[in-house]
Structures are given as C-alpha cells and as structure tokens.
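Have a look at work09.pdb below; it lists PDB, C-alpha atoms.
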ATOM      1  CA  ALA A  22    -168.378-196.534-112.241
ATOM      2  CA  GLN A  23    -165.254-195.921-110.201
ATOM      3  CA  LYS A  24    -163.577-192.769-111.409
ATOM      4  CA  ILE A  25    -160.443-192.976-109.266
ATOM      5  CA  THR A  26    -158.698-196.261-108.496
ATOM      6  CA  GLN A  27    -156.015-196.685-105.879
ATOM      7  CA  THR A  28    -154.994-200.338-105.864
ATOM      8  CA  GLN A  29    -152.643-200.266-102.868
ATOM      9  CA  PRO A  30    -154.604-200.337 -99.615
ATOM     10  CA  GLY A  31    -151.463-200.100 -97.502
ATOM     11  CA  MET A  32    -147.696-199.771 -97.764
ATOM     12  CA  PHE A  33    -144.698-199.889 -95.470
ATOM     13  CA  VAL A  34    -141.683-197.797 -96.366
ATOM     14  CA  GLN A  35    -138.399-197.229 -94.559
ATOM     15  CA  GLU A  36    -137.363-193.787 -93.511
ATOM     16  CA  LYS A  37    -135.321-191.929 -96.172
ATOM     17  CA  GLU A  38    -136.523-194.192 -98.960
ATOM     18  CA  ALA A  39    -138.772-193.141-101.840
ATOM     19  CA  VAL A  40    -142.288-194.497-102.263
ATOM     20  CA  THR A  41    -144.666-194.468-105.224
ATOM     21  CA  LEU A  42    -148.433-194.446-104.701
ATOM     22  CA  ASP A  43    -150.504-195.569-107.660
ATOM     23  CA  CYS A  44    -153.557-193.803-109.018
ATOM     24  CA  THR A  45    -155.516-194.388-112.200
ATOM     25  CA  TYR A  46    -158.510-192.378-113.285
ATOM     26  CA  ASP A  47    -161.353-192.555-115.736
ATOM     27  CA  THR A  48    -162.824-189.570-117.555
ATOM     28  CA  SER A  49    -163.981-188.596-121.007
ATOM     29  CA  ASP A  50    -163.295-184.909-120.376
ATOM     30  CA  GLN A  51    -160.339-183.265-122.093
ATOM     31  CA  SER A  52    -159.931-180.743-119.285
ATOM     32  CA  TYR A  53    -159.590-182.047-115.749
ATOM     33  CA  GLY A  54    -157.418-181.715-112.688
ATOM     34  CA  LEU A  55    -155.730-184.320-110.543
ATOM     35  CA  PHE A  56    -154.934-183.839-106.878
ATOM     36  CA  TRP A  57    -153.214-185.674-104.082
ATOM     37  CA  TYR A  58    -154.191-185.100-100.475
ATOM     38  CA  LYS A  59    -152.702-186.445 -97.248
ATOM     39  CA  GLN A  60    -154.922-187.289 -94.308
ATOM     40  CA  PRO A  61    -153.183-187.882 -90.958
ATOM     41  CA  SER A  62    -155.049-189.498 -88.106
ATOM     42  CA  SER A  63    -156.279-186.060 -87.044
ATOM     43  CA  GLY A  64    -158.653-186.143 -90.018
ATOM     44  CA  GLU A  65    -157.741-182.952 -91.856
ATOM     45  CA  MET A  66    -157.124-183.338 -95.582
ATOM     46  CA  ILE A  67    -153.851-181.645 -96.507
ATOM     47  CA  PHE A  68    -153.267-180.638-100.128
ATOM     48  CA  LEU A  69    -149.999-181.951-101.558
ATOM     49  CA  ILE A  70    -149.866-181.471-105.310
ATOM     50  CA  TYR A  71    -151.936-180.647-108.390
ATOM     51  CA  GLN A  72    -151.631-181.619-112.059
ATOM     52  CA  GLY A  73    -153.772-180.105-114.802
ATOM     53  CA  SER A  74    -154.607-182.249-117.790
ATOM     54  CA  TYR A  75    -152.992-179.741-120.155
ATOM     55  CA  ASP A  76    -149.812-179.364-118.112
ATOM     56  CA  GLU A  77    -146.966-180.764-120.177
ATOM     57  CA  GLN A  78    -144.544-181.130-117.292
ATOM     58  CA  ASN A  79    -145.002-183.290-114.240
ATOM     59  CA  ALA A  80    -145.871-181.298-111.140
ATOM     60  CA  THR A  81    -143.409-181.113-108.266
ATOM     61  CA  GLU A  82    -143.772-179.688-104.757
ATOM     62  CA  GLY A  83    -140.755-180.186-102.551
ATOM     63  CA  ARG A  84    -140.430-183.919-101.821
ATOM     64  CA  TYR A  85    -143.614-184.674-103.759
ATOM     65  CA  SER A  86    -143.766-185.254-107.482
ATOM     66  CA  LEU A  87    -146.570-186.454-109.689
ATOM     67  CA  ASN A  88    -145.802-188.925-112.440
ATOM     68  CA  PHE A  89    -148.509-188.009-114.968
ATOM     69  CA  GLN A  90    -149.039-190.413-117.852
ATOM     70  CA  LYS A  91    -152.048-189.070-119.708
ATOM     71  CA  ALA A  92    -152.369-191.854-122.266
ATOM     72  CA  ARG A  93    -152.411-194.425-119.492
ATOM     73  CA  LYS A  94    -154.668-192.240-117.337
ATOM     74  CA  SER A  95    -152.379-192.568-114.384
ATOM     75  CA  ALA A  96    -151.218-189.980-111.870
ATOM     76  CA  ASN A  97    -148.832-191.640-109.440
ATOM     77  CA  LEU A  98    -147.469-189.754-106.449
ATOM     78  CA  VAL A  99    -143.798-190.111-105.609
ATOM     79  CA  ILE A 100    -142.599-189.165-102.136
ATOM     80  CA  SER A 101    -138.838-188.898-101.949
ATOM     81  CA  ALA A 102    -136.777-189.276 -98.767
ATOM     82  CA  SER A 103    -139.686-190.482 -96.607
ATOM     83  CA  GLN A 104    -139.984-189.099 -93.105
ATOM     84  CA  LEU A 105    -141.784-190.528 -90.067
ATOM     85  CA  GLY A 106    -144.280-187.666 -90.350
ATOM     86  CA  ASP A 107    -145.303-188.926 -93.790
ATOM     87  CA  SER A 108    -147.246-191.765 -92.155
ATOM     88  CA  ALA A 109    -150.873-191.096 -93.155
ATOM     89  CA  MET A 110    -153.644-191.944 -95.625
ATOM     90  CA  TYR A 111    -153.035-190.604 -99.111
ATOM     91  CA  PHE A 112    -155.910-189.865-101.456
ATOM     92  CA  CYS A 113    -155.875-189.272-105.182
ATOM     93  CA  ALA A 114    -158.718-187.103-106.474
ATOM     94  CA  MET A 115    -159.994-185.756-109.759
ATOM     95  CA  ARG A 116    -162.024-182.704-110.684
ATOM     96  CA  GLU A 117    -163.739-182.833-114.053
ATOM     97  CA  VAL A 118    -164.653-179.810-116.150
ATOM     98  CA  ASP A 119    -167.404-177.571-114.725
ATOM     99  CA  SER A 120    -167.223-179.316-111.347
ATOM    100  CA  TRP A 121    -165.499-176.578-109.447
ATOM    101  CA  GLY A 122    -165.993-177.791-105.907
ATOM    102  CA  LYS A 123    -166.566-181.466-106.586
ATOM    103  CA  LEU A 124    -163.614-183.741-106.172
ATOM    104  CA  GLN A 125    -163.952-187.466-106.742
ATOM    105  CA  PHE A 126    -161.680-189.379-104.424
ATOM    106  CA  GLY A 127    -160.151-192.805-104.514
ATOM    107  CA  ALA A 128    -160.274-195.200-101.584
ATOM    108  CA  GLY A 129    -156.852-194.125-100.375
ATOM    109  CA  THR A 130    -153.525-195.766 -99.564
ATOM    110  CA  GLN A 131    -152.305-196.070 -95.976
ATOM    111  CA  VAL A 132    -148.577-195.350 -95.751
ATOM    112  CA  VAL A 133    -146.556-196.314 -92.690
ATOM    113  CA  VAL A 134    -142.980-195.052 -92.510
ATOM    114  CA  THR A 135    -140.711-197.151 -90.309
ATOM    115  CA  PRO A 136    -137.389-196.107 -88.738
TER
ATOM    116  CA  ASP B  10    -154.407-166.639 -91.043
ATOM    117  CA  ALA B  11    -157.036-169.097 -89.844
ATOM    118  CA  GLY B  12    -157.801-171.958 -92.151
ATOM    119  CA  VAL B  13    -161.153-173.701 -92.471
ATOM    120  CA  THR B  14    -162.871-174.036 -89.107
ATOM    121  CA  GLN B  15    -165.519-176.657 -88.381
ATOM    122  CA  SER B  16    -167.715-177.204 -85.343
ATOM    123  CA  PRO B  17    -168.439-179.269 -83.422
ATOM    124  CA  THR B  18    -165.472-181.607 -83.685
ATOM    125  CA  HIS B  19    -167.345-184.605 -82.295
ATOM    126  CA  LEU B  20    -170.976-185.311 -81.599
ATOM    127  CA  ILE B  21    -173.218-188.233 -80.807
ATOM    128  CA  LYS B  22    -176.861-188.437 -81.877
ATOM    129  CA  THR B  23    -179.552-191.094 -81.907
ATOM    130  CA  ARG B  24    -181.519-192.364 -84.875
ATOM    131  CA  GLY B  25    -184.236-190.010 -86.038
ATOM    132  CA  GLN B  26    -182.635-186.904 -84.599
ATOM    133  CA  GLN B  27    -181.428-183.909 -86.566
ATOM    134  CA  VAL B  28    -177.931-182.433 -86.639
ATOM    135  CA  THR B  29    -176.386-179.146 -87.759
ATOM    136  CA  LEU B  30    -172.704-178.843 -88.595
ATOM    137  CA  ARG B  31    -170.957-175.527 -89.153
ATOM    138  CA  CYS B  32    -168.074-174.331 -91.293
ATOM    139  CA  SER B  33    -166.183-171.052 -91.451
ATOM    140  CA  PRO B  34    -164.138-170.712 -94.624
ATOM    141  CA  LYS B  35    -160.537-169.708 -94.956
ATOM    142  CA  SER B  36    -160.054-165.969 -95.305
ATOM    143  CA  GLY B  37    -160.650-164.906 -98.904
ATOM    144  CA  HIS B  38    -162.640-168.034 -99.802
ATOM    145  CA  ASP B  39    -166.255-167.742-100.931
ATOM    146  CA  THR B  40    -167.174-171.245-102.071
ATOM    147  CA  VAL B  41    -167.977-174.035 -99.625
ATOM    148  CA  SER B  42    -168.274-177.745-100.352
ATOM    149  CA  TRP B  43    -169.290-180.499 -97.978
ATOM    150  CA  TYR B  44    -168.063-184.082 -98.028
ATOM    151  CA  GLN B  45    -168.998-187.228 -96.127
ATOM    152  CA  GLN B  46    -166.226-189.679 -95.308
ATOM    153  CA  ALA B  47    -167.304-193.054 -93.958
ATOM    154  CA  LEU B  48    -164.748-195.088 -92.058
ATOM    155  CA  GLY B  49    -162.124-196.577 -94.344
ATOM    156  CA  GLN B  50    -163.369-194.788 -97.452
ATOM    157  CA  GLY B  51    -162.558-191.699 -99.453
ATOM    158  CA  PRO B  52    -164.683-188.572 -99.057
ATOM    159  CA  GLN B  53    -167.941-188.360-101.019
ATOM    160  CA  PHE B  54    -169.198-185.010-102.330
ATOM    161  CA  ILE B  55    -172.486-183.861-100.784
ATOM    162  CA  PHE B  56    -172.983-180.377-102.215
ATOM    163  CA  GLN B  57    -171.390-177.017-102.937
ATOM    164  CA  TYR B  58    -172.504-173.501-102.046
ATOM    165  CA  TYR B  59    -171.579-170.283-103.795
ATOM    166  CA  GLU B  60    -173.273-166.884-103.454
ATOM    167  CA  GLU B  61    -175.644-168.411-100.911
ATOM    168  CA  GLU B  62    -177.023-170.933-103.384
ATOM    169  CA  GLU B  63    -176.534-174.657-103.829
ATOM    170  CA  ARG B  64    -174.609-174.966-107.105
ATOM    171  CA  GLN B  65    -173.866-178.668-107.313
ATOM    172  CA  ARG B  66    -175.151-181.713-105.492
ATOM    173  CA  GLY B  67    -173.866-185.225-105.164
ATOM    174  CA  ASN B  68    -175.883-188.409-104.775
ATOM    175  CA  PHE B  69    -177.337-187.694-101.342
ATOM    176  CA  PRO B  70    -181.001-187.705-100.266
ATOM    177  CA  ASP B  71    -182.989-184.603 -99.419
ATOM    178  CA  ARG B  72    -182.413-185.301 -95.734
ATOM    179  CA  PHE B  73    -179.109-183.552 -96.359
ATOM    180  CA  SER B  74    -179.534-179.814 -96.757
ATOM    181  CA  GLY B  75    -177.370-176.792 -96.363
ATOM    182  CA  HIS B  76    -177.117-173.081 -96.189
ATOM    183  CA  GLN B  77    -174.534-170.421 -96.895
ATOM    184  CA  PHE B  78    -174.584-167.091 -95.101
ATOM    185  CA  PRO B  79    -173.568-163.641 -96.438
ATOM    186  CA  ASN B  80    -170.204-163.961 -94.640
ATOM    187  CA  TYR B  81    -169.611-167.178 -96.669
ATOM    188  CA  SER B  82    -169.880-169.485 -93.665
ATOM    189  CA  SER B  83    -172.039-172.544 -94.135
ATOM    190  CA  GLU B  84    -174.156-175.113 -92.317
ATOM    191  CA  LEU B  85    -174.882-178.715 -93.149
ATOM    192  CA  ASN B  86    -178.154-180.114 -91.804
ATOM    193  CA  VAL B  87    -179.062-183.773 -91.701
ATOM    194  CA  ASN B  88    -182.599-184.770 -90.724
ATOM    195  CA  ALA B  89    -183.974-188.136 -89.624
ATOM    196  CA  LEU B  90    -180.537-189.520 -88.861
ATOM    197  CA  LEU B  91    -179.745-193.115 -89.796
ATOM    198  CA  LEU B  92    -177.005-195.332 -88.434
ATOM    199  CA  GLY B  93    -175.341-195.095 -91.853
ATOM    200  CA  ASP B  94    -174.946-191.350 -91.460
ATOM    201  CA  SER B  95    -172.143-191.971 -88.978
ATOM    202  CA  ALA B  96    -169.081-190.477 -90.644
ATOM    203  CA  LEU B  97    -166.541-187.683 -90.702
ATOM    204  CA  TYR B  98    -168.082-184.617 -92.354
ATOM    205  CA  LEU B  99    -165.527-182.439 -94.054
ATOM    206  CA  CYS B 100    -165.953-178.871 -95.179
ATOM    207  CA  ALA B 101    -163.751-177.619 -98.021
ATOM    208  CA  THR B 102    -163.467-174.063 -99.251
ATOM    209  CA  THR B 103    -161.975-172.343-102.241
ATOM    210  CA  GLY B 104    -161.872-168.962-103.885
ATOM    211  CA  GLY B 105    -159.624-166.061-104.742
ATOM    212  CA  SER B 106    -156.224-166.632-106.321
ATOM    213  CA  GLY B 107    -156.079-170.221-105.083
ATOM    214  CA  ALA B 108    -159.379-171.214-106.614
ATOM    215  CA  ASN B 109    -157.876-174.359-108.053
ATOM    216  CA  VAL B 110    -157.280-176.032-104.710
ATOM    217  CA  LEU B 111    -159.767-176.982-102.007
ATOM    218  CA  THR B 112    -158.721-176.294 -98.449
ATOM    219  CA  PHE B 113    -160.265-178.720 -95.975
ATOM    220  CA  GLY B 114    -161.175-178.365 -92.344
ATOM    221  CA  ALA B 115    -160.452-181.029 -89.733
ATOM    222  CA  GLY B 116    -164.014-182.293 -89.918
ATOM    223  CA  SER B 117    -166.908-183.042 -87.621
ATOM    224  CA  ARG B 118    -167.145-186.660 -86.539
ATOM    225  CA  LEU B 119    -170.759-187.723 -86.196
ATOM    226  CA  THR B 120    -171.764-190.929 -84.461
ATOM    227  CA  VAL B 121    -175.380-192.072 -84.746
ATOM    228  CA  LEU B 122    -176.531-194.634 -82.154
TER
END

Show how you would write the structure in this file as structure tokens.
Amino acid sequence: AQKITQTQPGMFVQEKEAVTLDCTYDTSDQSYGLFWYKQPSSGEMIFLIYQGSYDEQNATEGRYSLNFQKARKSANLVISASQLGDSAMYFCAMREVDSWGKLQFGAGTQVVVTP
Amino acid sequence: DAGVTQSPTHLIKTRGQQVTLRCSPKSGHDTVSWYQQALGQGPQFIFQYYEEEERQRGNFPDRFSGHQFPNYSSELNVNALLLGDSALYLCATTGGSGANVLTFGAGSRLTVL
C-alpha cells in the first residue's frame, strides 16, 4: 500500500508567489517523522524541513513551512516568496518508528518557477 | 566539511555484468543507507548499514548486496544486472547530533544496456 501520496505531479508558480505542495501519509505508528526533500536536476536530495509526529507546532525553516494536520494525516509544504532556484522535484517522505535509515518517499512534485 | 561522496557518478554496463558503487559518508556520520531511484519515481530503500552490519533491508533481491568498512564508508554491489536496474543510486548517511536527518549524496547513475 502506498504510504506517501503526492497528488500533484507538476506545478507552475510565478516568482515571488507562495506555493503549497500536498502530501498525505498512511501509518498506524504513533511515533513517526515527516520530511521534505528537494531534488534539482543534478540529482542530489537536499533536506528542507522535518516534522515529528509529537511536535505540537508546525515546523519552519526560512522560506519553508510545513502545514501538519495530524488528524488528516497531511504534511503540506509551503514555499513562500518563490525564487527561480526553487525549480526542482520535491519529495515528501516518512520514517516510521524503529526505521532509522529507511525513508518512504512519495512520487514527487515537479515545481517550475517562472519569471 | 565534505558532504556525502559517491563514485562513480555515471556508468554503463551490459546485462549480466556486476557493478560496485561506493559511498563516503559525511564527517561524523556512521550509518549508511542506499536507495534506488528509477526515472520519474521517488527513491526506494535498498538497505542500511551500521557498525559494519546490514540492519534493515527493503524489498530487493539478493543480487543487491553491500558492505560497510571500519571507516564507515560503504559499497553497494549488484550482480547479474538487468535492464530494470538502470536507475540513480543514492547513498544517504546519518549519525551524531543530526541523527534525525539523512544527508544524501549526488548519486551514481547506472545505465544497463
């Protein structure tokens, strides 16, 4: 069964605008972590933001924020003030309890930022 | 401070051959995980090494094997290559104070003809 679902295969966003990337997840664990990674065309996965299942506040890292709705099992990424360099694939991932190195990734969302 | 280093960056093999990919972890990291990313898909977990032992394994056949050395570097070996093994192979490391987050290398792109 798919653990991580990203329903938006691709998005266009204008420079300086905000964009929301959707992510829903499926787990029966009480303790888990949610991650967002960015993958430019170079291939390297770049860590953006992390949310623990017990964290009461939404995580923020600079222009990135994670809209965590635990009851809905969603962990949407919001990128504020988009820049041309934000053009990349974005992956949502989950780590379940006792799976230290194992992340389960979604299929990704391709973001293209236009001038 | 060097991040995760992978080699080679690109390689081409033919069906039935064997391949070895290498990963040097970020300084201070002692746990290495390997992922396979087929074109247009998210990465899939292959296995994880810690203290020179395989600790977790994903849904991959025994043709995929690995090793971790005392200096924490790691190798991924794939035997009897199939066309479907063509993918980007990513190494991710973790450990120390940042154990929560995996740091990825730029990957090794394998093409099987």

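Taking only C-alpha atoms, the non-local environment of Glu84 (chain B) within 12 Å (same-chain residues fewer than 5 positions away omitted) comprises Thr14, Gln15, Ser16, Pro17, Val28, Thr29, Leu30, Arg31, Cys32, Ser33, Pro34, Val41, Ser42, Trp43, Phe56, Gln57, Tyr58, Glu61, Glu63, Phe73, Ser74, Gly75, His76, Gln77, Phe78, Tyr98, Leu99, Cys100 and Ser117 of chain B.
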
Mind writing the picked residues with C-alpha atoms as an mmCIF file, keeping the file's coordinate frame?
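Contents of selection_27.cif, as written:
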data_model
loop_
_atom_site.group_PDB
_atom_site.id
_atom_site.type_symbol
_atom_site.label_atom_id
_atom_site.label_comp_id
_atom_site.auth_asym_id
_atom_site.auth_seq_id
_atom_site.Cartn_x
_atom_site.Cartn_y
_atom_site.Cartn_z
ATOM 1 C CA THR B 14 -162.871 -174.036 -89.107
ATOM 2 C CA GLN B 15 -165.519 -176.657 -88.381
ATOM 3 C CA SER B 16 -167.715 -177.204 -85.343
ATOM 4 C CA PRO B 17 -168.439 -179.269 -83.422
ATOM 5 C CA VAL B 28 -177.931 -182.433 -86.639
ATOM 6 C CA THR B 29 -176.386 -179.146 -87.759
ATOM 7 C CA LEU B 30 -172.704 -178.843 -88.595
ATOM 8 C CA ARG B 31 -170.957 -175.527 -89.153
ATOM 9 C CA CYS B 32 -168.074 -174.331 -91.293
ATOM 10 C CA SER B 33 -166.183 -171.052 -91.451
ATOM 11 C CA PRO B 34 -164.138 -170.712 -94.624
ATOM 12 C CA VAL B 41 -167.977 -174.035 -99.625
ATOM 13 C CA SER B 42 -168.274 -177.745 -100.352
ATOM 14 C CA TRP B 43 -169.290 -180.499 -97.978
ATOM 15 C CA PHE B 56 -172.983 -180.377 -102.215
ATOM 16 C CA GLN B 57 -171.390 -177.017 -102.937
ATOM 17 C CA TYR B 58 -172.504 -173.501 -102.046
ATOM 18 C CA GLU B 61 -175.644 -168.411 -100.911
ATOM 19 C CA GLU B 63 -176.534 -174.657 -103.829
ATOM 20 C CA PHE B 73 -179.109 -183.552 -96.359
ATOM 21 C CA SER B 74 -179.534 -179.814 -96.757
ATOM 22 C CA GLY B 75 -177.370 -176.792 -96.363
ATOM 23 C CA HIS B 76 -177.117 -173.081 -96.189
ATOM 24 C CA GLN B 77 -174.534 -170.421 -96.895
ATOM 25 C CA PHE B 78 -174.584 -167.091 -95.101
ATOM 26 C CA TYR B 98 -168.082 -184.617 -92.354
ATOM 27 C CA LEU B 99 -165.527 -182.439 -94.054
ATOM 28 C CA CYS B 100 -165.953 -178.871 -95.179
ATOM 29 C CA SER B 117 -166.908 -183.042 -87.621
#

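Rounded to one decimal, CA of Ile67 (chain A) and CA of Gly12 (chain B) lie 11.3 Å from each other.
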
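Proximity ranking of B:Gly25, B:Gly37, B:Pro52, B:Gly93 relative to chain A places B:Pro52 first, based on all atoms listed in the file.
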
On this file, the ChimeraX specification (/A :<8) & /B gives some set of residues; write that set as a PDB file with C-alpha atoms, in the coordinates of the input.
ATOM      1  CA  THR B  40    -167.174-171.245-102.071  1.00  0.00           C
ATOM      2  CA  VAL B  41    -167.977-174.035 -99.625  1.00  0.00           C
ATOM      3  CA  SER B  42    -168.274-177.745-100.352  1.00  0.00           C
ATOM      4  CA  GLY B  49    -162.124-196.577 -94.344  1.00  0.00           C
ATOM      5  CA  GLN B  50    -163.369-194.788 -97.452  1.00  0.00           C
ATOM      6  CA  GLY B  51    -162.558-191.699 -99.453  1.00  0.00           C
ATOM      7  CA  PRO B  52    -164.683-188.572 -99.057  1.00  0.00           C
ATOM      8  CA  GLN B  53    -167.941-188.360-101.019  1.00  0.00           C
ATOM      9  CA  PHE B  54    -169.198-185.010-102.330  1.00  0.00           C
ATOM     10  CA  PHE B  56    -172.983-180.377-102.215  1.00  0.00           C
ATOM     11  CA  GLN B  57    -171.390-177.017-102.937  1.00  0.00           C
ATOM     12  CA  GLN B  65    -173.866-178.668-107.313  1.00  0.00           C
ATOM     13  CA  THR B 103    -161.975-172.343-102.241  1.00  0.00           C
ATOM     14  CA  VAL B 110    -157.280-176.032-104.710  1.00  0.00           C
ATOM     15  CA  LEU B 111    -159.767-176.982-102.007  1.00  0.00           C
ATOM     16  CA  THR B 112    -158.721-176.294 -98.449  1.00  0.00           C
ATOM     17  CA  PHE B 113    -160.265-178.720 -95.975  1.00  0.00           C
ATOM     18  CA  GLY B 114    -161.175-178.365 -92.344  1.00  0.00           C
ATOM     19  CA  ALA B 115    -160.452-181.029 -89.733  1.00  0.00           C
ATOM     20  CA  GLY B 116    -164.014-182.293 -89.918  1.00  0.00           C
TER      21      GLY B 116
END

Show me, as lines of an AutoDock Vina configuration file, the centre and edge lengths in Å to one decimal of the axis-aligned box that covers every listed atom of region 24-40 of chain B with 6 Å on each side.
center_x = -172.1
center_y = -178.6
center_z = -93.3
size_x = 36.2
size_y = 39.5
size_z = 29.5

Open item on the list: Here is a test: counting only C-alpha atoms, which residue of A:Ser95, A:Gln90, A:Thr135, A:Ser108 is nearest to Cys44 (chain A)?
Closed with: A:Ser95

Given the PyMOL selection byres ((chain A and resi 97) around 10) and the file above, list the residues it selects as a PDB file with C-alpha atoms, in the frame of the given file.
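Listing of result_24.pdb after writing:
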ATOM      1  CA  GLN A  27    -156.015-196.685-105.879  1.00  0.00           C
ATOM      2  CA  THR A  41    -144.666-194.468-105.224  1.00  0.00           C
ATOM      3  CA  LEU A  42    -148.433-194.446-104.701  1.00  0.00           C
ATOM      4  CA  ASP A  43    -150.504-195.569-107.660  1.00  0.00           C
ATOM      5  CA  CYS A  44    -153.557-193.803-109.018  1.00  0.00           C
ATOM      6  CA  THR A  45    -155.516-194.388-112.200  1.00  0.00           C
ATOM      7  CA  TRP A  57    -153.214-185.674-104.082  1.00  0.00           C
ATOM      8  CA  SER A  86    -143.766-185.254-107.482  1.00  0.00           C
ATOM      9  CA  LEU A  87    -146.570-186.454-109.689  1.00  0.00           C
ATOM     10  CA  ASN A  88    -145.802-188.925-112.440  1.00  0.00           C
ATOM     11  CA  PHE A  89    -148.509-188.009-114.968  1.00  0.00           C
ATOM     12  CA  GLN A  90    -149.039-190.413-117.852  1.00  0.00           C
ATOM     13  CA  LYS A  94    -154.668-192.240-117.337  1.00  0.00           C
ATOM     14  CA  SER A  95    -152.379-192.568-114.384  1.00  0.00           C
ATOM     15  CA  ALA A  96    -151.218-189.980-111.870  1.00  0.00           C
ATOM     16  CA  LEU A  98    -147.469-189.754-106.449  1.00  0.00           C
ATOM     17  CA  VAL A  99    -143.798-190.111-105.609  1.00  0.00           C
ATOM     18  CA  ILE A 100    -142.599-189.165-102.136  1.00  0.00           C
ATOM     19  CA  CYS A 113    -155.875-189.272-105.182  1.00  0.00           C
TER      20      CYS A 113
END

Open item on the list: Taking only C-alpha atoms into account, name the residue in A:Leu55, A:Ala102, A:Ile25, A:Ala80 that is nearest to Ala39 (chain A).
Closed with: A:Ala102

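If you look at CA of Asp94 (chain B) and CA of Ser62 (chain A), they are 20.3 Å away from each other.
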
Open item on the list: Here's the selection I'm unsure about, the PyMOL selection byres ((chain A and resi 50) around 10); applied to the file above, which residues does it give, as an MDAnalysis selection string?
Closed with: chainID A and resid 47:49 51:53 74 117:118

- [ ] Would you list the residues near (-173.8, -188.6, -83.3) (no more than 7 Å away, in the coordinates of the file, using only C-alpha atoms) as a ChimeraX atom specification?
- [x] /B:20-23,95,119-122

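The coordinates place CA of Ala96 (chain B) at 11.8 Å from CA of Thr18 (chain B).
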